[in-house]
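Colleague: Input: one structure, supplied below.
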Amino acid sequence: MAALSTQDILARLVGFDTTSRLSNLELIRFIEAYLAEFGVTATVQHNEEGTKANIVATIGPNVPGGVVLSGHTDVVPVDGQDWTSEPFRLTEQDGKLLGRGSADMKGFIACALAAVPAFIEAGLKRPVHFAFTYDEEVGCLGIQSLLPLMKDLIAQPRLVVVGEPTSMQIANAHKGQYVSKTRIWGREAHSSRPQDGVNAVAVAAELITFITGMTARARIDGAKDDMFDPPYTSFNVGPISGGSAFNIIPNYCEFDWEFRPVPGADPQAILAEYHAFMEDVINPHLKATFPECRAENAVWAYLPPLKAEPGADAETLALMLAGRNDTTVVAFGTEAGHIQSIDFPAVVCGPGDIAQAHKPDEFVAISQLDACDRFMKRIAEVLS
Ligand SMILES: [Zn+2]
């Protein structure tokens, strides 16, 4: 299997349907076997069910000052999308390579793997590490179990590159994302007898009104960062369900909501404000009416914001590797926020354009892969 080109490897990676609801193990086994061909031993970390895995590997001596190449192996579904090519077969068309995950973000992983022979030949004095995850697209689940293992297996790196598609620009900041589910248990009764029930939908409305208030306060008094549009923490209430008929007082309601904090905002303080309203205002009243009634909130997915560290060594190195002199920010969340939370300096940089991600006929331009191959070559030079 030795010495495959970037395009060959990308074709193999795209060929594994790693839609997040499916297993990514075949792809992980492919990477493990590919690395083994070059004498590189990888550590595979399975999820609890044993159906998916993260993979970590190091080339060169595991000393501080290396570069981590990081990314997710799962892709978003193609269901209901109108593709002109076969989504899980890499197809070349006018200088573009079409396929699900070609931009987001198997293209970056292909470049990293194709550079393995060059990393080995370079006789690295400081290491290159790989850290590839599962379930990024469904709430960054894989990276959360990987973080302690990364801290264990990877000597403090100089830079982590998260290879989400940025057209090979260096993105040094993004907003965070905290997704919650609020559940309300009321008490069912005939609608003509409100004194016998607690209307869970009406309680949801009070809580949503509170969220609307937080939205306004975040816009007016909250942390600002003009790098982002909008420059403040935004909120959204998404799906809501509750009630079964107009003449039944609903005994249950639930809704999902999220906020996207700018890097200067304190996500825990925002959550604490909501929880305080729930515990100090809503729940005492519910419990006093009927003891079984209550509201609860749980964060089920989160992504810390990525904070820019302008002028820091990691950012300077990243710019040099990409042959650029300015940074950008991205509007989407990435695993880089999680990685920064363990004090590994991280930026986002990868081939392809986010505008093509998650869409039918997703593609990466061959010129983008070439630029990323050059990026990998410079890593080998810098670390040897
Ligand atoms: Zn992605």
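FYI, nothing fancy with the structure tokens labels: chains A, B, ... in order, residues from 1 per chain, ligands from 1 as they appear.
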Contacts between segment 171-178 of chain A and segment 189-280 of chain A, please, where a residue of segment 189-280 of chain A counts if it comes within 12 Å (with only C-alpha atoms); show its shortest atom pair and distance in Å to one decimal, rows by chain and ascending number, as a Markdown table.

Modeller:
| residue | atom | partner | partner_atom | distance |
| --- | --- | --- | --- | --- |
| A:Ala223 | CA | A:Lys175 | CA | 11.7 |
| A:Lys224 | CA | A:Lys175 | CA | 11.2 |
| A:Asp225 | CA | A:Lys175 | CA | 9.7 |
| A:Asp226 | CA | A:Ala173 | CA | 11.7 |
| A:Met227 | CA | A:Ala173 | CA | 8.7 |
| A:Phe228 | CA | A:His174 | CA | 8.1 |
| A:Asp229 | CA | A:Lys175 | CA | 10.2 |
| A:Pro230 | CA | A:Lys175 | CA | 10.4 |
| A:Pro231 | CA | A:Lys175 | CA | 9.8 |
| A:Tyr232 | CA | A:Lys175 | CA | 9.4 |
| A:Thr233 | CA | A:Lys175 | CA | 8.1 |
| A:Ser234 | CA | A:Gln177 | CA | 9.5 |
| A:Phe235 | CA | A:Tyr178 | CA | 9.5 |
| A:Asn236 | CA | A:Tyr178 | CA | 10.5 |
| A:Val237 | CA | A:Tyr178 | CA | 11.8 |
| A:Asp256 | CA | A:Tyr178 | CA | 10.5 |
| A:Trp257 | CA | A:Tyr178 | CA | 8.4 |
| A:Glu258 | CA | A:Tyr178 | CA | 5.4 |
| A:Phe259 | CA | A:Tyr178 | CA | 5.5 |
| A:Arg260 | CA | A:Gln177 | CA | 4.4 |
| A:Pro261 | CA | A:Gly176 | CA | 5.1 |
| A:Val262 | CA | A:Lys175 | CA | 4.7 |
| A:Pro263 | CA | A:Lys175 | CA | 5.9 |
| A:Gly264 | CA | A:Lys175 | CA | 9.3 |
| A:Ala265 | CA | A:Gly176 | CA | 9.4 |
| A:Asp266 | CA | A:Gly176 | CA | 10.2 |
| A:Pro267 | CA | A:Tyr178 | CA | 7.8 |
| A:Gln268 | CA | A:Tyr178 | CA | 9.8 |
| A:Ile270 | CA | A:Tyr178 | CA | 10.0 |
| A:Leu271 | CA | A:Tyr178 | CA | 9.0 |

Colleague: Would you mind listing the residues within 6 Å of ligand 1, counting only C-alpha atoms and all ligand atoms, as a PyMOL selection string?

Modeller: chain A and resi 104-105+164

Colleague: Since we have the selection now, will you write its residues out, keeping C-alpha atoms, as a PDB file, in the first residue's frame?

Modeller:
ATOM      1  CA  ASP A 104     -15.196  18.664   4.895  1.00  0.00           C
ATOM      2  CA  MET A 105     -12.715  17.253   5.626  1.00  0.00           C
ATOM      3  CA  GLU A 164     -11.562  22.217   8.277  1.00  0.00           C
TER       4      GLU A 164
END

Colleague: Write down as a ChimeraX atom specification the residues belonging to segment 33-154 of chain A that are assigned strand (DSSP E or B) by DSSP computed on the backbone.

Modeller: /A:42-46,53-59,67-72,75,91-93,96-98,128-133

Colleague: Filtering to N, CA and C atoms, could you give me those residues as a PDB file, in the first residue's frame?

Modeller:
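Saved result, part-v2.pdb, follows:
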ATOM      1  N   ALA A  42      -0.292   3.286  15.645  1.00  0.00           N
ATOM      2  CA  ALA A  42      -1.347   4.222  16.039  1.00  0.00           C
ATOM      3  C   ALA A  42      -2.071   3.697  17.266  1.00  0.00           C
ATOM      4  N   THR A  43      -2.678   4.611  18.004  1.00  0.00           N
ATOM      5  CA  THR A  43      -3.552   4.237  19.116  1.00  0.00           C
ATOM      6  C   THR A  43      -4.990   4.478  18.675  1.00  0.00           C
ATOM      7  N   VAL A  44      -5.813   3.432  18.781  1.00  0.00           N
ATOM      8  CA  VAL A  44      -7.214   3.548  18.381  1.00  0.00           C
ATOM      9  C   VAL A  44      -8.060   3.566  19.653  1.00  0.00           C
ATOM     10  N   GLN A  45      -8.912   4.571  19.767  1.00  0.00           N
ATOM     11  CA  GLN A  45      -9.762   4.725  20.955  1.00  0.00           C
ATOM     12  C   GLN A  45     -11.220   4.581  20.520  1.00  0.00           C
ATOM     13  N   HIS A  46     -11.865   3.505  20.964  1.00  0.00           N
ATOM     14  CA  HIS A  46     -13.250   3.248  20.558  1.00  0.00           C
ATOM     15  C   HIS A  46     -14.240   4.019  21.417  1.00  0.00           C
ATOM     16  N   ALA A  53     -14.432   5.072  16.266  1.00  0.00           N
ATOM     17  CA  ALA A  53     -13.143   5.246  16.942  1.00  0.00           C
ATOM     18  C   ALA A  53     -12.456   6.534  16.527  1.00  0.00           C
ATOM     19  N   ASN A  54     -11.616   7.021  17.447  1.00  0.00           N
ATOM     20  CA  ASN A  54     -10.628   8.059  17.174  1.00  0.00           C
ATOM     21  C   ASN A  54      -9.296   7.352  16.926  1.00  0.00           C
ATOM     22  N   ILE A  55      -8.381   8.043  16.263  1.00  0.00           N
ATOM     23  CA  ILE A  55      -7.051   7.463  16.062  1.00  0.00           C
ATOM     24  C   ILE A  55      -5.988   8.541  16.271  1.00  0.00           C
ATOM     25  N   VAL A  56      -4.936   8.166  16.998  1.00  0.00           N
ATOM     26  CA  VAL A  56      -3.828   9.087  17.295  1.00  0.00           C
ATOM     27  C   VAL A  56      -2.531   8.390  16.920  1.00  0.00           C
ATOM     28  N   ALA A  57      -1.612   9.118  16.320  1.00  0.00           N
ATOM     29  CA  ALA A  57      -0.311   8.533  15.980  1.00  0.00           C
ATOM     30  C   ALA A  57       0.749   9.623  15.997  1.00  0.00           C
ATOM     31  N   THR A  58       1.975   9.214  16.204  1.00  0.00           N
ATOM     32  CA  THR A  58       3.100  10.151  16.245  1.00  0.00           C
ATOM     33  C   THR A  58       4.194   9.664  15.305  1.00  0.00           C
ATOM     34  N   ILE A  59       4.727  10.584  14.518  1.00  0.00           N
ATOM     35  CA  ILE A  59       5.888  10.296  13.674  1.00  0.00           C
ATOM     36  C   ILE A  59       7.037  11.148  14.202  1.00  0.00           C
ATOM     37  N   VAL A  67       3.947  19.341  15.699  1.00  0.00           N
ATOM     38  CA  VAL A  67       2.729  19.858  15.053  1.00  0.00           C
ATOM     39  C   VAL A  67       1.703  18.732  15.028  1.00  0.00           C
ATOM     40  N   VAL A  68       0.483  19.028  15.466  1.00  0.00           N
ATOM     41  CA  VAL A  68      -0.605  18.054  15.439  1.00  0.00           C
ATOM     42  C   VAL A  68      -1.493  18.363  14.233  1.00  0.00           C
ATOM     43  N   LEU A  69      -1.743  17.350  13.421  1.00  0.00           N
ATOM     44  CA  LEU A  69      -2.677  17.483  12.300  1.00  0.00           C
ATOM     45  C   LEU A  69      -3.957  16.789  12.722  1.00  0.00           C
ATOM     46  N   SER A  70      -5.036  17.549  12.789  1.00  0.00           N
ATOM     47  CA  SER A  70      -6.239  17.059  13.457  1.00  0.00           C
ATOM     48  C   SER A  70      -7.464  17.244  12.570  1.00  0.00           C
ATOM     49  N   GLY A  71      -8.394  16.328  12.686  1.00  0.00           N
ATOM     50  CA  GLY A  71      -9.625  16.488  11.919  1.00  0.00           C
ATOM     51  C   GLY A  71     -10.610  15.387  12.216  1.00  0.00           C
ATOM     52  N   HIS A  72     -11.801  15.521  11.661  1.00  0.00           N
ATOM     53  CA  HIS A  72     -12.847  14.530  11.894  1.00  0.00           C
ATOM     54  C   HIS A  72     -13.019  13.645  10.664  1.00  0.00           C
ATOM     55  N   VAL A  75     -18.851  12.385   8.121  1.00  0.00           N
ATOM     56  CA  VAL A  75     -19.409  13.334   7.144  1.00  0.00           C
ATOM     57  C   VAL A  75     -20.907  13.477   7.391  1.00  0.00           C
ATOM     58  N   THR A  91     -14.940  11.711  -7.805  1.00  0.00           N
ATOM     59  CA  THR A  91     -15.108  11.913  -9.241  1.00  0.00           C
ATOM     60  C   THR A  91     -14.445  13.223  -9.654  1.00  0.00           C
ATOM     61  N   GLU A  92     -13.575  13.143 -10.668  1.00  0.00           N
ATOM     62  CA  GLU A  92     -12.886  14.356 -11.115  1.00  0.00           C
ATOM     63  C   GLU A  92     -13.700  15.053 -12.196  1.00  0.00           C
ATOM     64  N   GLN A  93     -13.779  16.381 -12.080  1.00  0.00           N
ATOM     65  CA  GLN A  93     -14.559  17.176 -13.026  1.00  0.00           C
ATOM     66  C   GLN A  93     -13.954  18.577 -13.083  1.00  0.00           C
ATOM     67  N   LYS A  96     -11.790  19.730 -10.297  1.00  0.00           N
ATOM     68  CA  LYS A  96     -12.407  19.546  -8.982  1.00  0.00           C
ATOM     69  C   LYS A  96     -12.552  18.060  -8.705  1.00  0.00           C
ATOM     70  N   LEU A  97     -12.509  17.707  -7.423  1.00  0.00           N
ATOM     71  CA  LEU A  97     -12.784  16.332  -7.019  1.00  0.00           C
ATOM     72  C   LEU A  97     -14.069  16.342  -6.212  1.00  0.00           C
ATOM     73  N   LEU A  98     -15.098  15.693  -6.776  1.00  0.00           N
ATOM     74  CA  LEU A  98     -16.405  15.670  -6.123  1.00  0.00           C
ATOM     75  C   LEU A  98     -16.523  14.437  -5.240  1.00  0.00           C
ATOM     76  N   VAL A 128       5.521  15.026  14.208  1.00  0.00           N
ATOM     77  CA  VAL A 128       4.203  15.290  13.621  1.00  0.00           C
ATOM     78  C   VAL A 128       3.250  14.284  14.266  1.00  0.00           C
ATOM     79  N   HIS A 129       2.118  14.779  14.749  1.00  0.00           N
ATOM     80  CA  HIS A 129       1.111  13.886  15.336  1.00  0.00           C
ATOM     81  C   HIS A 129      -0.151  13.943  14.485  1.00  0.00           C
ATOM     82  N   PHE A 130      -0.844  12.818  14.430  1.00  0.00           N
ATOM     83  CA  PHE A 130      -2.166  12.786  13.813  1.00  0.00           C
ATOM     84  C   PHE A 130      -3.200  12.570  14.916  1.00  0.00           C
ATOM     85  N   ALA A 131      -4.331  13.254  14.819  1.00  0.00           N
ATOM     86  CA  ALA A 131      -5.433  13.035  15.767  1.00  0.00           C
ATOM     87  C   ALA A 131      -6.731  13.170  14.977  1.00  0.00           C
ATOM     88  N   PHE A 132      -7.320  12.030  14.649  1.00  0.00           N
ATOM     89  CA  PHE A 132      -8.535  12.029  13.820  1.00  0.00           C
ATOM     90  C   PHE A 132      -9.694  11.449  14.631  1.00  0.00           C
ATOM     91  N   THR A 133     -10.848  12.086  14.496  1.00  0.00           N
ATOM     92  CA  THR A 133     -11.961  11.803  15.410  1.00  0.00           C
ATOM     93  C   THR A 133     -13.211  11.270  14.691  1.00  0.00           C
TER      94      THR A 133
END

Colleague: Rounded to one decimal in Å, what is the spacing between atom CA of Glu121 of chain A and atom CA of Gly65 of chain A?

Modeller: 18.9 Å

Colleague: Sort by chain and increasing residue number a table of all residues of segment 287-308 of chain A within 12 Å of segment 322-344 of chain A, each with its closest pair of atoms and their distance in Å to one decimal, counting only C-alpha atoms, and write it as a tab-separated table.

Modeller:
residue	atom	partner	partner_atom	distance
A:Ala301	CA	A:His338	CA	11.7
A:Tyr302	CA	A:His338	CA	9.0
A:Leu303	CA	A:Gly337	CA	6.2
A:Pro304	CA	A:Gly337	CA	4.8
A:Pro305	CA	A:Gly337	CA	5.1
A:Leu306	CA	A:Gly337	CA	4.3
A:Lys307	CA	A:Gly337	CA	7.6
A:Ala308	CA	A:Val329	CA	8.7

Colleague: Just N, CA and C atoms for this one: save the residues we selected as a PDB file, in the first residue's frame.

Modeller:
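Listing of selection31.pdb after writing:
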ATOM      1  N   ALA A 301     -24.621  19.298  23.705  1.00  0.00           N
ATOM      2  CA  ALA A 301     -23.469  19.431  22.803  1.00  0.00           C
ATOM      3  C   ALA A 301     -22.856  20.789  23.060  1.00  0.00           C
ATOM      4  N   TYR A 302     -21.551  20.844  23.065  1.00  0.00           N
ATOM      5  CA  TYR A 302     -20.937  22.158  23.239  1.00  0.00           C
ATOM      6  C   TYR A 302     -19.595  22.205  22.549  1.00  0.00           C
ATOM      7  N   LEU A 303     -19.233  23.410  22.267  1.00  0.00           N
ATOM      8  CA  LEU A 303     -18.026  23.687  21.513  1.00  0.00           C
ATOM      9  C   LEU A 303     -17.510  25.006  22.075  1.00  0.00           C
ATOM     10  N   PRO A 304     -16.389  24.976  22.787  1.00  0.00           N
ATOM     11  CA  PRO A 304     -15.894  26.256  23.297  1.00  0.00           C
ATOM     12  C   PRO A 304     -15.478  27.159  22.134  1.00  0.00           C
ATOM     13  N   PRO A 305     -15.560  28.481  22.325  1.00  0.00           N
ATOM     14  CA  PRO A 305     -15.067  29.372  21.275  1.00  0.00           C
ATOM     15  C   PRO A 305     -13.557  29.202  21.100  1.00  0.00           C
ATOM     16  N   LEU A 306     -13.072  29.471  19.893  1.00  0.00           N
ATOM     17  CA  LEU A 306     -11.628  29.497  19.651  1.00  0.00           C
ATOM     18  C   LEU A 306     -11.175  30.946  19.769  1.00  0.00           C
ATOM     19  N   LYS A 307     -10.258  31.172  20.704  1.00  0.00           N
ATOM     20  CA  LYS A 307      -9.769  32.546  20.953  1.00  0.00           C
ATOM     21  C   LYS A 307      -8.525  32.805  20.124  1.00  0.00           C
ATOM     22  N   ALA A 308      -8.503  33.953  19.471  1.00  0.00           N
ATOM     23  CA  ALA A 308      -7.316  34.335  18.709  1.00  0.00           C
ATOM     24  C   ALA A 308      -6.167  34.622  19.662  1.00  0.00           C
TER      25      ALA A 308
END

Colleague: Go through A:Val14, A:Ala365, A:Val116, A:Cys140 one by one, measure the shortest atom-to-atom distance of each to Asp353 of chain A using only C-alpha atoms, and give the residue with the smallest value.

Modeller: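 Checking each of A:Val14, A:Ala365, A:Val116, A:Cys140 against Asp353 of chain A, counting only C-alpha atoms, the winner is A:Ala365.
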
Colleague: In Å, rounded to a single decimal, give me how far atom CA of Thr166 of chain A is from atom CA of Gln7 of chain A.

Modeller: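 Atom-to-atom, atom CA of Gln7 of chain A to atom CA of Thr166 of chain A, that is 19.0 Å.
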
Colleague: So that I can check the surroundings of Ala355 of chain A, please list as a count of residues only every protein, DNA and RNA residue that reaches within 10 Å of it, counting only C-alpha atoms and ignoring chain neighbours fewer than 4 positions away.

Modeller: 6

Colleague: A:Phe290, A:Phe119, A:Ser102, A:Leu159: which is nearest Ala314 of chain A, counting only C-alpha atoms?

Modeller: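 Selected residue with least distance to Ala314 of chain A: A:Leu159.
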
Colleague: Quick one: residues within 10 Å of Arg21 of chain A, only C-alpha atoms counted, chain neighbours fewer than 5 positions away excluded, as JSON, numbers by chain?

Modeller: {"A": [52, 74, 75, 76, 77, 135, 137, 138]}

Colleague: Write a file of the selected residues as a compact mmCIF listing (two decimals), in the first residue's frame, keeping N, CA and C atoms.

Modeller:
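Below is the file that was written, out_21.txt:
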# COMPACT_ATOMS: atom_id res chain seq x y z
N LYS A 52 -17.38 3.05 16.78
CA LYS A 52 -16.65 4.16 16.15
C LYS A 52 -15.33 4.34 16.89
N ASP A 74 -15.91 11.77 10.16
CA ASP A 74 -17.32 11.58 9.79
C ASP A 74 -17.76 12.67 8.82
N VAL A 75 -18.85 12.39 8.12
CA VAL A 75 -19.41 13.33 7.14
C VAL A 75 -20.91 13.48 7.39
N VAL A 76 -21.47 14.54 6.84
CA VAL A 76 -22.92 14.75 6.97
C VAL A 76 -23.65 13.88 5.94
N PRO A 77 -24.93 13.61 6.18
CA PRO A 77 -25.68 12.72 5.29
C PRO A 77 -25.88 13.31 3.89
N ASP A 135 -17.69 11.51 14.89
CA ASP A 135 -18.86 12.25 15.41
C ASP A 135 -18.63 13.74 15.67
N GLU A 137 -19.64 15.96 13.39
CA GLU A 137 -20.80 16.61 12.77
C GLU A 137 -22.07 16.50 13.62
N VAL A 138 -22.02 15.68 14.66
CA VAL A 138 -23.22 15.53 15.50
C VAL A 138 -22.93 15.98 16.93

Colleague: Quick one: residues within 10 Å of segment 190-192 of chain A, only C-alpha atoms counted, chain neighbours fewer than 5 positions away excluded, as a PyMOL selection string?

Modeller: chain A and resi 197+199+245-250

Colleague: Produce a file of the selected residues containing N, CA and C atoms, as a tab-separated table (two decimals), in the first residue's frame.

Modeller:
chain	number	residue	atom	x	y	z
A	197	GLY	N	-54.31	21.28	36.86
A	197	GLY	CA	-53.16	20.95	36.03
A	197	GLY	C	-52.07	21.98	36.09
A	199	ASN	N	-49.61	23.63	33.04
A	199	ASN	CA	-49.45	23.64	31.60
A	199	ASN	C	-47.97	23.73	31.22
A	245	ALA	N	-53.78	18.03	22.42
A	245	ALA	CA	-55.09	18.52	21.95
A	245	ALA	C	-55.37	19.86	22.61
A	246	PHE	N	-56.18	20.68	21.95
A	246	PHE	CA	-56.42	22.03	22.49
A	246	PHE	C	-57.16	22.00	23.82
A	247	ASN	N	-57.86	20.89	24.09
A	247	ASN	CA	-58.65	20.84	25.32
A	247	ASN	C	-58.03	19.97	26.41
A	248	ILE	N	-56.75	19.70	26.25
A	248	ILE	CA	-56.02	18.98	27.31
A	248	ILE	C	-54.88	19.87	27.78
A	249	ILE	N	-54.76	20.06	29.07
A	249	ILE	CA	-53.60	20.81	29.58
A	249	ILE	C	-52.37	19.92	29.41
A	250	PRO	N	-51.35	20.39	28.65
A	250	PRO	CA	-50.21	19.52	28.33
A	250	PRO	C	-49.38	19.22	29.57

Colleague: Can you measure atom CA of Met150 of chain A to atom CA of Glu32 of chain A for me? One decimal in Å is fine.

Modeller: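 Value for the atom CA of Met150 of chain A-atom CA of Glu32 of chain A distance: 16.9 Å.
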
Colleague: Enumerate the residues of segment 241-379 of chain A with a DSSP assignment of alpha helix (DSSP H), computed from the backbone, and present them as a VMD selection string.

Modeller: chain A and resid 267 to 277 283 to 289 313 to 322 336 to 340 366 to 379

Colleague: Compile the contact shell of Cys293 of chain A as a list in words: residues with an atom at most 7 Å away, counting only C-alpha atoms, same-chain residues fewer than 4 positions apart removed.

Modeller: Trp185, Gly186, Arg187, Leu286 and Lys287 of chain A

Colleague: Keeping only N, CA and C atoms, write the selected residues to a file as a short mmCIF file (atom, residue, chain, number, x, y, z; two decimals), in the first residue's frame.

Modeller:
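New file again.cif:
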data_model
loop_
_atom_site.label_atom_id
_atom_site.label_comp_id
_atom_site.auth_asym_id
_atom_site.auth_seq_id
_atom_site.Cartn_x
_atom_site.Cartn_y
_atom_site.Cartn_z
N TRP A 185 -41.95 19.08 32.99
CA TRP A 185 -43.00 18.15 33.39
C TRP A 185 -44.11 18.93 34.11
N GLY A 186 -45.28 18.95 33.46
CA GLY A 186 -46.42 19.61 34.07
C GLY A 186 -47.40 18.56 34.59
N ARG A 187 -48.68 18.91 34.57
CA ARG A 187 -49.68 17.93 35.04
C ARG A 187 -50.89 18.04 34.13
N LEU A 286 -43.55 25.80 40.46
CA LEU A 286 -44.12 24.54 39.94
C LEU A 286 -44.29 23.53 41.07
N LYS A 287 -43.24 23.39 41.88
CA LYS A 287 -43.26 22.38 42.94
C LYS A 287 -44.31 22.71 44.00
#

Colleague: In terms of the shortest atom-to-atom distance over only C-alpha atoms, which of A:Leu141, A:Leu13, A:Met376, A:Leu321 is closest to Glu48 of chain A?

Modeller: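 For Glu48 of chain A, the nearest of the candidates is A:Leu141.
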
Colleague: So, with only C-alpha atoms as the atoms that count, which of A:Val281, A:Ala380, A:Ile9, A:Ile120 lies closest to Gly60 of chain A?

Modeller: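 The closest residue to Gly60 of chain A is A:Ile120.
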